[in-house]
file input.pdb (PDB, C-alpha atoms)
ATOM      1  CA  MET A   1     -33.251   1.359  -1.577
ATOM      2  CA  SER A   2     -36.745   2.423  -2.457
ATOM      3  CA  SER A   3     -38.569   0.755  -5.274
ATOM      4  CA  PRO A   4     -39.870   3.040  -8.004
ATOM      5  CA  LYS A   5     -43.539   3.787  -7.550
ATOM      6  CA  SER A   6     -45.902   4.201 -10.430
ATOM      7  CA  PRO A   7     -48.014   7.382 -10.318
ATOM      8  CA  PRO A   8     -51.514   7.023  -8.878
ATOM      9  CA  ASN A   9     -53.982   5.796 -11.438
ATOM     10  CA  ASN A  10     -56.540   8.557 -11.884
ATOM     11  CA  ARG A  11     -57.791   7.426 -15.253
ATOM     12  CA  PRO A  12     -61.578   7.158 -15.453
ATOM     13  CA  LEU A  13     -63.148   3.700 -15.209
ATOM     14  CA  SER A  14     -66.160   2.788 -17.273
ATOM     15  CA  PRO A  15     -69.134   2.664 -14.891
ATOM     16  CA  PHE A  16     -70.575  -0.660 -13.749
ATOM     17  CA  MET A  17     -73.613  -1.791 -15.718
ATOM     18  CA  ILE A  18     -75.855  -1.409 -12.669
ATOM     19  CA  GLY A  19     -76.062   2.092 -11.219
ATOM     20  CA  PRO A  20     -77.075   5.617 -12.154
ATOM     21  CA  TYR A  21     -75.206   5.708 -15.473
ATOM     22  CA  TYR A  22     -77.080   3.124 -17.481
ATOM     23  CA  LYS A  23     -80.767   2.460 -17.954
ATOM     24  CA  PRO A  24     -81.580  -1.092 -16.777
ATOM     25  CA  GLN A  25     -81.748  -3.347 -19.823
ATOM     26  CA  LEU A  26     -82.929  -6.925 -20.222
ATOM     27  CA  THR A  27     -79.524  -7.964 -21.515
ATOM     28  CA  SER A  28     -77.522  -6.475 -18.629
ATOM     29  CA  MET A  29     -80.003  -7.756 -16.039
ATOM     30  CA  LEU A  30     -79.844 -11.286 -17.461
ATOM     31  CA  SER A  31     -76.060 -11.020 -17.499
ATOM     32  CA  ILE A  32     -75.763 -10.110 -13.821
ATOM     33  CA  THR A  33     -78.404 -12.712 -12.976
ATOM     34  CA  HIS A  34     -76.225 -15.306 -14.702
ATOM     35  CA  ARG A  35     -73.365 -14.430 -12.343
ATOM     36  CA  LEU A  36     -75.622 -14.255  -9.303
ATOM     37  CA  THR A  37     -77.216 -17.629 -10.014
ATOM     38  CA  GLY A  38     -73.731 -19.011 -10.626
ATOM     39  CA  MET A  39     -72.617 -17.856  -7.174
ATOM     40  CA  VAL A  40     -75.809 -19.170  -5.576
ATOM     41  CA  LEU A  41     -75.270 -22.538  -7.249
ATOM     42  CA  SER A  42     -71.670 -22.653  -6.027
ATOM     43  CA  ALA A  43     -72.880 -22.195  -2.459
ATOM     44  CA  GLY A  44     -75.731 -24.616  -3.188
ATOM     45  CA  THR A  45     -73.272 -27.433  -3.873
ATOM     46  CA  LEU A  46     -73.147 -27.609  -0.058
ATOM     47  CA  LEU A  47     -76.820 -28.665  -0.081
ATOM     48  CA  LEU A  48     -76.076 -31.502  -2.480
ATOM     49  CA  ALA A  49     -73.026 -32.537  -0.447
ATOM     50  CA  GLY A  50     -75.110 -32.386   2.749
ATOM     51  CA  TRP A  51     -77.839 -34.512   1.191
ATOM     52  CA  LEU A  52     -75.388 -37.206   0.049
ATOM     53  CA  ILE A  53     -73.545 -37.183   3.394
ATOM     54  CA  ALA A  54     -76.902 -37.488   5.191
ATOM     55  CA  ILE A  55     -77.811 -40.556   3.101
ATOM     56  CA  ALA A  56     -74.366 -42.043   3.734
ATOM     57  CA  GLY A  57     -74.879 -41.401   7.460
ATOM     58  CA  GLY A  58     -77.849 -43.758   7.638
ATOM     59  CA  PRO A  59     -81.636 -43.553   8.107
ATOM     60  CA  GLU A  60     -81.669 -41.321  11.231
ATOM     61  CA  CYS A  61     -79.149 -38.876   9.799
ATOM     62  CA  TYR A  62     -81.145 -38.717   6.568
ATOM     63  CA  ALA A  63     -84.432 -38.206   8.430
ATOM     64  CA  SER A  64     -83.135 -35.109  10.217
ATOM     65  CA  TYR A  65     -81.856 -33.661   6.932
ATOM     66  CA  ALA A  66     -85.086 -34.507   5.096
ATOM     67  CA  ALA A  67     -87.098 -32.779   7.847
ATOM     68  CA  HIS A  68     -85.345 -29.502   7.031
ATOM     69  CA  VAL A  69     -85.731 -30.019   3.277
ATOM     70  CA  SER A  70     -89.483 -30.627   3.539
ATOM     71  CA  ALA A  71     -90.038 -27.704   5.940
ATOM     72  CA  TRP A  72     -91.346 -24.481   4.327
ATOM     73  CA  TYR A  73     -87.930 -22.804   4.346
ATOM     74  CA  GLY A  74     -86.324 -25.911   2.878
ATOM     75  CA  LEU A  75     -88.847 -25.969   0.047
ATOM     76  CA  VAL A  76     -88.341 -22.253  -0.613
ATOM     77  CA  ILE A  77     -84.566 -22.767  -0.826
ATOM     78  CA  LEU A  78     -85.011 -25.851  -3.006
ATOM     79  CA  PHE A  79     -87.397 -23.998  -5.324
ATOM     80  CA  GLY A  80     -84.978 -21.090  -5.648
ATOM     81  CA  PHE A  81     -82.104 -23.511  -6.191
ATOM     82  CA  SER A  82     -83.962 -25.380  -8.944
ATOM     83  CA  TRP A  83     -84.828 -22.153 -10.765
ATOM     84  CA  ALA A  84     -81.264 -20.838 -10.359
ATOM     85  CA  LEU A  85     -79.888 -24.056 -11.863
ATOM     86  CA  LEU A  86     -82.337 -24.092 -14.777
ATOM     87  CA  TYR A  87     -81.852 -20.361 -15.459
ATOM     88  CA  HIS A  88     -78.057 -20.700 -15.400
ATOM     89  CA  LEU A  89     -78.389 -23.751 -17.689
ATOM     90  CA  CYS A  90     -80.611 -21.968 -20.245
ATOM     91  CA  ASN A  91     -78.631 -18.730 -20.208
ATOM     92  CA  GLY A  92     -75.423 -20.765 -20.339
ATOM     93  CA  ILE A  93     -76.601 -22.313 -23.616
ATOM     94  CA  ARG A  94     -77.255 -18.731 -24.849
ATOM     95  CA  HIS A  95     -73.667 -17.887 -23.921
ATOM     96  CA  LEU A  96     -72.349 -20.949 -25.764
ATOM     97  CA  PHE A  97     -74.092 -19.763 -28.941
ATOM     98  CA  TRP A  98     -72.540 -16.324 -28.505
ATOM     99  CA  ASP A  99     -69.147 -18.011 -28.101
ATOM    100  CA  ILE A 100     -69.459 -19.476 -31.600
ATOM    101  CA  GLY A 101     -70.558 -16.066 -32.889
ATOM    102  CA  LYS A 102     -74.288 -16.758 -33.219
ATOM    103  CA  GLY A 103     -77.087 -14.486 -32.017
ATOM    104  CA  LEU A 104     -74.973 -11.473 -31.132
ATOM    105  CA  GLU A 105     -77.217  -8.955 -32.947
ATOM    106  CA  ILE A 106     -79.213  -6.787 -30.528
ATOM    107  CA  GLU A 107     -82.573  -8.105 -31.723
ATOM    108  CA  ALA A 108     -81.427 -11.734 -31.476
ATOM    109  CA  ALA A 109     -79.921 -11.135 -28.014
ATOM    110  CA  TYR A 110     -83.277  -9.786 -26.795
ATOM    111  CA  LYS A 111     -85.222 -12.664 -28.352
ATOM    112  CA  SER A 112     -82.949 -15.280 -26.796
ATOM    113  CA  GLY A 113     -83.131 -13.369 -23.502
ATOM    114  CA  TYR A 114     -86.920 -13.617 -23.391
ATOM    115  CA  ALA A 115     -86.637 -17.264 -24.462
ATOM    116  CA  VAL A 116     -84.296 -17.978 -21.535
ATOM    117  CA  LEU A 117     -86.776 -16.433 -19.081
ATOM    118  CA  ALA A 118     -89.678 -18.405 -20.560
ATOM    119  CA  VAL A 119     -87.901 -21.757 -20.886
ATOM    120  CA  SER A 120     -86.298 -21.607 -17.433
ATOM    121  CA  ALA A 121     -89.702 -20.799 -15.890
ATOM    122  CA  LEU A 122     -91.391 -23.612 -17.836
ATOM    123  CA  LEU A 123     -88.694 -26.132 -16.873
ATOM    124  CA  THR A 124     -88.952 -25.099 -13.209
ATOM    125  CA  VAL A 125     -92.727 -25.596 -13.300
ATOM    126  CA  ALA A 126     -92.257 -28.963 -15.049
ATOM    127  CA  VAL A 127     -89.756 -30.137 -12.421
ATOM    128  CA  TRP A 128     -92.031 -29.174  -9.537
ATOM    129  CA  LEU A 129     -95.119 -30.682 -11.185
ATOM    130  CA  LEU A 130     -93.122 -33.901 -11.564
ATOM    131  CA  ALA A 131     -91.976 -33.698  -7.941
ATOM    132  CA  CYS A 132     -95.491 -33.018  -6.642
ATOM    133  CA  THR A 133     -97.157 -35.822  -8.596
ATOM    134  CA  ASN A 134     -94.654 -38.378  -7.251
TER     135      ASN A 134
ATOM    136  CA  MET B   1     -45.692  -6.181 -36.966
ATOM    137  CA  SER B   2     -45.726  -8.157 -33.780
ATOM    138  CA  LEU B   3     -42.965  -7.812 -31.233
ATOM    139  CA  ARG B   4     -43.635 -11.307 -29.894
ATOM    140  CA  SER B   5     -41.158 -14.044 -30.699
ATOM    141  CA  PRO B   6     -42.239 -16.784 -33.133
ATOM    142  CA  LEU B   7     -42.118 -19.349 -30.293
ATOM    143  CA  SER B   8     -44.303 -17.180 -28.071
ATOM    144  CA  GLN B   9     -46.789 -16.818 -30.921
ATOM    145  CA  ALA B  10     -46.843 -20.523 -31.618
ATOM    146  CA  ARG B  11     -47.514 -21.284 -27.956
ATOM    147  CA  GLY B  12     -50.259 -18.656 -27.862
ATOM    148  CA  LEU B  13     -50.075 -18.364 -24.096
ATOM    149  CA  GLY B  14     -49.907 -14.569 -23.837
ATOM    150  CA  SER B  15     -48.755 -12.567 -20.834
ATOM    151  CA  ALA B  16     -50.746 -14.645 -18.330
ATOM    152  CA  LYS B  17     -48.854 -17.834 -19.437
ATOM    153  CA  ASP B  18     -52.194 -19.568 -19.556
ATOM    154  CA  GLY B  19     -53.624 -18.689 -22.950
ATOM    155  CA  THR B  20     -57.236 -19.606 -23.506
ATOM    156  CA  HIS B  21     -57.154 -22.707 -21.320
ATOM    157  CA  HIS B  22     -59.451 -21.283 -18.620
ATOM    158  CA  PHE B  23     -61.976 -20.070 -21.200
ATOM    159  CA  TRP B  24     -61.917 -23.376 -23.030
ATOM    160  CA  VAL B  25     -62.315 -25.716 -20.041
ATOM    161  CA  GLN B  26     -65.130 -23.535 -18.695
ATOM    162  CA  ARG B  27     -66.962 -24.111 -22.006
ATOM    163  CA  ILE B  28     -66.210 -27.839 -22.115
ATOM    164  CA  SER B  29     -67.511 -28.300 -18.578
ATOM    165  CA  ALA B  30     -70.560 -26.170 -19.459
ATOM    166  CA  VAL B  31     -71.403 -28.401 -22.424
ATOM    167  CA  ALA B  32     -70.994 -31.522 -20.274
ATOM    168  CA  LEU B  33     -73.218 -30.017 -17.584
ATOM    169  CA  VAL B  34     -76.169 -29.489 -19.946
ATOM    170  CA  PRO B  35     -77.211 -33.180 -20.026
ATOM    171  CA  LEU B  36     -75.816 -33.895 -16.534
ATOM    172  CA  SER B  37     -77.815 -31.097 -14.835
ATOM    173  CA  LEU B  38     -81.029 -31.925 -16.677
ATOM    174  CA  TRP B  39     -80.605 -35.576 -15.716
ATOM    175  CA  PHE B  40     -79.923 -34.614 -12.090
ATOM    176  CA  VAL B  41     -82.850 -32.200 -11.669
ATOM    177  CA  PHE B  42     -85.425 -34.437 -13.331
ATOM    178  CA  SER B  43     -84.147 -37.563 -11.530
ATOM    179  CA  ILE B  44     -84.377 -35.903  -8.118
ATOM    180  CA  ALA B  45     -87.844 -34.581  -8.967
ATOM    181  CA  SER B  46     -89.074 -38.012  -9.990
ATOM    182  CA  LEU B  47     -87.813 -39.850  -6.891
ATOM    183  CA  PRO B  48     -91.139 -41.016  -5.471
ATOM    184  CA  GLY B  49     -91.569 -40.037  -1.834
ATOM    185  CA  ALA B  50     -87.813 -39.632  -1.294
ATOM    186  CA  SER B  51     -87.731 -42.057   1.634
ATOM    187  CA  PHE B  52     -84.337 -43.217   2.900
ATOM    188  CA  GLU B  53     -84.764 -46.615   1.208
ATOM    189  CA  GLN B  54     -85.715 -44.946  -2.071
ATOM    190  CA  VAL B  55     -82.866 -42.456  -2.212
ATOM    191  CA  SER B  56     -80.159 -44.860  -1.026
ATOM    192  CA  TRP B  57     -81.331 -47.446  -3.556
ATOM    193  CA  TRP B  58     -81.281 -44.805  -6.284
ATOM    194  CA  VAL B  59     -77.789 -43.490  -5.414
ATOM    195  CA  SER B  60     -76.344 -47.025  -5.198
ATOM    196  CA  TYR B  61     -77.675 -48.073  -8.617
ATOM    197  CA  PRO B  62     -74.344 -48.323 -10.568
ATOM    198  CA  ALA B  63     -75.272 -46.138 -13.542
ATOM    199  CA  VAL B  64     -76.618 -43.515 -11.139
ATOM    200  CA  SER B  65     -73.511 -43.609  -8.889
ATOM    201  CA  VAL B  66     -71.209 -43.087 -11.864
ATOM    202  CA  THR B  67     -73.346 -40.320 -13.378
ATOM    203  CA  LEU B  68     -73.673 -38.609  -9.984
ATOM    204  CA  ILE B  69     -69.895 -38.635  -9.524
ATOM    205  CA  LEU B  70     -69.466 -37.185 -13.020
ATOM    206  CA  PHE B  71     -72.063 -34.521 -12.251
ATOM    207  CA  ILE B  72     -70.426 -33.609  -8.910
ATOM    208  CA  ALA B  73     -66.896 -33.430 -10.355
ATOM    209  CA  THR B  74     -67.945 -31.440 -13.438
ATOM    210  CA  ALA B  75     -70.241 -29.069 -11.531
ATOM    211  CA  LEU B  76     -67.614 -28.275  -8.889
ATOM    212  CA  TYR B  77     -64.908 -27.820 -11.522
ATOM    213  CA  HIS B  78     -67.163 -25.459 -13.490
ATOM    214  CA  SER B  79     -68.105 -23.680 -10.254
ATOM    215  CA  MET B  80     -64.450 -23.276  -9.278
ATOM    216  CA  LEU B  81     -63.652 -21.680 -12.662
ATOM    217  CA  GLY B  82     -66.661 -19.375 -12.406
ATOM    218  CA  VAL B  83     -65.969 -18.237  -8.840
ATOM    219  CA  GLN B  84     -62.359 -17.565  -9.845
ATOM    220  CA  VAL B  85     -63.479 -15.148 -12.574
ATOM    221  CA  VAL B  86     -65.848 -13.332 -10.226
ATOM    222  CA  ILE B  87     -63.100 -12.936  -7.595
ATOM    223  CA  GLU B  88     -60.636 -11.677 -10.212
ATOM    224  CA  ASP B  89     -63.234  -9.222 -11.547
ATOM    225  CA  TYR B  90     -64.428  -7.668  -8.305
ATOM    226  CA  ILE B  91     -61.624  -7.916  -5.738
ATOM    227  CA  GLY B  92     -59.008  -5.234  -6.244
ATOM    228  CA  SER B  93     -56.667  -5.842  -3.320
ATOM    229  CA  GLU B  94     -54.014  -8.354  -4.338
ATOM    230  CA  ALA B  95     -53.728  -9.952  -0.863
ATOM    231  CA  LEU B  96     -57.471 -10.339  -0.488
ATOM    232  CA  LYS B  97     -57.751 -11.655  -4.032
ATOM    233  CA  ILE B  98     -55.169 -14.395  -3.528
ATOM    234  CA  THR B  99     -56.728 -15.326  -0.179
ATOM    235  CA  ALA B 100     -60.188 -15.539  -1.750
ATOM    236  CA  LEU B 101     -58.876 -17.580  -4.685
ATOM    237  CA  LEU B 102     -57.187 -20.040  -2.323
ATOM    238  CA  ALA B 103     -60.284 -20.268  -0.124
ATOM    239  CA  SER B 104     -62.436 -20.935  -3.193
ATOM    240  CA  LYS B 105     -60.086 -23.645  -4.475
ATOM    241  CA  PHE B 106     -60.033 -25.376  -1.066
ATOM    242  CA  PHE B 107     -63.821 -25.084  -0.712
ATOM    243  CA  HIS B 108     -64.466 -26.705  -4.096
ATOM    244  CA  PHE B 109     -62.013 -29.561  -3.584
ATOM    245  CA  ILE B 110     -63.396 -30.293  -0.098
ATOM    246  CA  VAL B 111     -67.033 -30.279  -1.269
ATOM    247  CA  ALA B 112     -66.171 -32.469  -4.264
ATOM    248  CA  ALA B 113     -64.181 -34.962  -2.177
ATOM    249  CA  ALA B 114     -66.871 -35.181   0.529
ATOM    250  CA  SER B 115     -69.698 -35.592  -2.007
ATOM    251  CA  ILE B 116     -67.902 -38.239  -4.063
ATOM    252  CA  PHE B 117     -66.897 -40.120  -0.922
ATOM    253  CA  ALA B 118     -70.531 -40.064   0.237
ATOM    254  CA  VAL B 119     -71.715 -41.497  -3.109
ATOM    255  CA  LEU B 120     -69.072 -44.256  -2.913
ATOM    256  CA  LYS B 121     -69.986 -45.044   0.696
ATOM    257  CA  ILE B 122     -73.687 -45.335  -0.215
ATOM    258  CA  ALA B 123     -72.959 -47.357  -3.355
ATOM    259  CA  LEU B 124     -70.446 -49.758  -1.830
ATOM    260  CA  SER B 125     -72.053 -50.397   1.561
TER     261      SER B 125
END
call {"tool": "encode", "arguments": {"input": "input.pdb", "output": "structure tokens"}}
result
Amino acid sequence: MSSPKSPPNNRPLSPFMIGPYYKPQLTSMLSITHRLTGMVLSAGTLLLAGWLIAIAGGPECYASYAAHVSAWYGLVILFGFSWALLYHLCNGIRHLFWDIGKGLEIEAAYKSGYAVLAVSALLTVAVWLLACTN
Amino acid sequence: MSLRSPLSQARGLGSAKDGTHHFWVQRISAVALVPLSLWFVFSIASLPGASFEQVSWWVSYPAVSVTLILFIATALYHSMLGVQVVIEDYIGSEALKITALLASKFFHFIVAAASIFAVLKIALS
């Protein structure tokens, strides 16, 4: 007995926001960056887990982990991670306001978009100034 | 006129049998993560020197241990929900999608369990 097959779906799909069909816009770029930083942060939870496991493993274990963190590549990753977290945090707050129906007008969405870029950059600088002065 | 039964409407679970639960818990965890993430980032940044003695003392301070565990659990829960949406959005093949969803679920539970165990080991030793 053969199961009935539905006809092939040839209906057009709306194009993805990144590609030849749409002009790049601040709003769409911030949107995809929100997803990208989210994915980066998900993978980055391994860094946090590794750090805690290294501390739990004792002084020698921690020293070998800390050597990688304080190397140039470790600092680059950590800097990127801190910005990704603060960006996702700021843009996440923007999303929460949208969820309650606030700031959905185009002008407001652009304003809050620029605010997210500015505040996440400022917070990242503040965090690293704090880290460097300690 | 709706063709849905009154019971189905009252439950509000729709065709996915899940309703708005996923949406809602993603928002609740997001709200919780606002103070937790800020606390985490600025605490890590202000750990002077980050020597082994410093960090293990910091992690084992009771209020810090508890807040760290809350941060880890909430962040990984929120991450699991977010990764799920991305997989559902971009992976078309049903077999690959279910495999990726399972892999993501396992990954998040393993990372959460290992991280929380590490905090407890540091705090209680």
call {"tool": "interface_residues", "arguments": {"input": "input.pdb", "of": "chain B", "to": "chain A", "cutoff": "6 Å", "atoms": "all atoms listed in the file", "output": "ChimeraX atom specification"}}
result
/B:45-46,48,52,79,115,118,122
call {"tool": "residues_around", "arguments": {"input": "input.pdb", "residues": "segment 15-31 of chain A", "least_positions_apart": "5", "cutoff": "10 Å", "atoms": "all atoms listed in the file", "output": "PyMOL selection string"}}
result
chain A and resi 36+87-88+91+95+106+109-110+112-114+116-117
call {"tool": "atom_distance", "arguments": {"input": "input.pdb", "atom1": "atom CA of Phe71 of chain B", "atom2": "atom CA of Leu33 of chain B"}}
result
7.1 Å
call {"tool": "closest_residue", "arguments": {"input": "input.pdb", "among": "B:Ala95, B:Ser5, B:Phe42, B:Val83", "to": "Val40 of chain A", "atoms": "only C-alpha atoms"}}
result
B:Val83
call {"tool": "resolve_selection", "arguments": {"input": "input.pdb", "expression": "the PyMOL selection byres ((chain B and resi 84) around 12)", "output": "number ranges by chain"}}
result
A: 35, 38-39, 42; B: 22-23, 26, 76-83, 85-91, 97-108
call {"tool": "resolve_selection", "arguments": {"input": "input.pdb", "expression": "the PyMOL selection byres ((chain B and resi 59) around 10)", "output": "list in words"}}
result
Leu52, Ile55 and Ala56 of chain A; Gln54, Val55, Ser56, Trp57, Trp58, Ser60, Tyr61, Pro62, Ala63, Val64, Ser65, Val66, Thr67, Leu68, Ala118, Val119, Leu120, Ile122 and Ala123 of chain B
call {"tool": "atom_distance", "arguments": {"input": "input.pdb", "atom1": "atom CA of Ala32 of chain B", "atom2": "atom CA of Ala16 of chain B"}}
result
26.4 Å
call {"tool": "axis_aligned_box", "arguments": {"input": "input.pdb", "around": "segment 49-64 of chain A", "padding_each_side": "6 Å", "output": "AutoDock Vina command-line options"}}
result
--center_x -78.7 --center_y -38.1 --center_z 5.4 --size_x 23.4 --size_y 23.4 --size_z 23.7
call {"tool": "closest_residue", "arguments": {"input": "input.pdb", "among": "A:Pro7, A:Glu107, A:Ile100, A:Ala115", "to": "Arg27 of chain B", "atoms": "all atoms listed in the file"}}
result
A:Ile100
call {"tool": "closest_residue", "arguments": {"input": "input.pdb", "among": "B:Ala50, B:Ile28, B:Leu70, B:Ala113", "to": "Tyr65 of chain A", "atoms": "all atoms listed in the file"}}
result
B:Ala50
call {"tool": "atom_distance", "arguments": {"input": "input.pdb", "atom1": "atom CA of Leu78 of chain A", "atom2": "atom CA of Ile44 of chain B"}}
result
11.3 Å
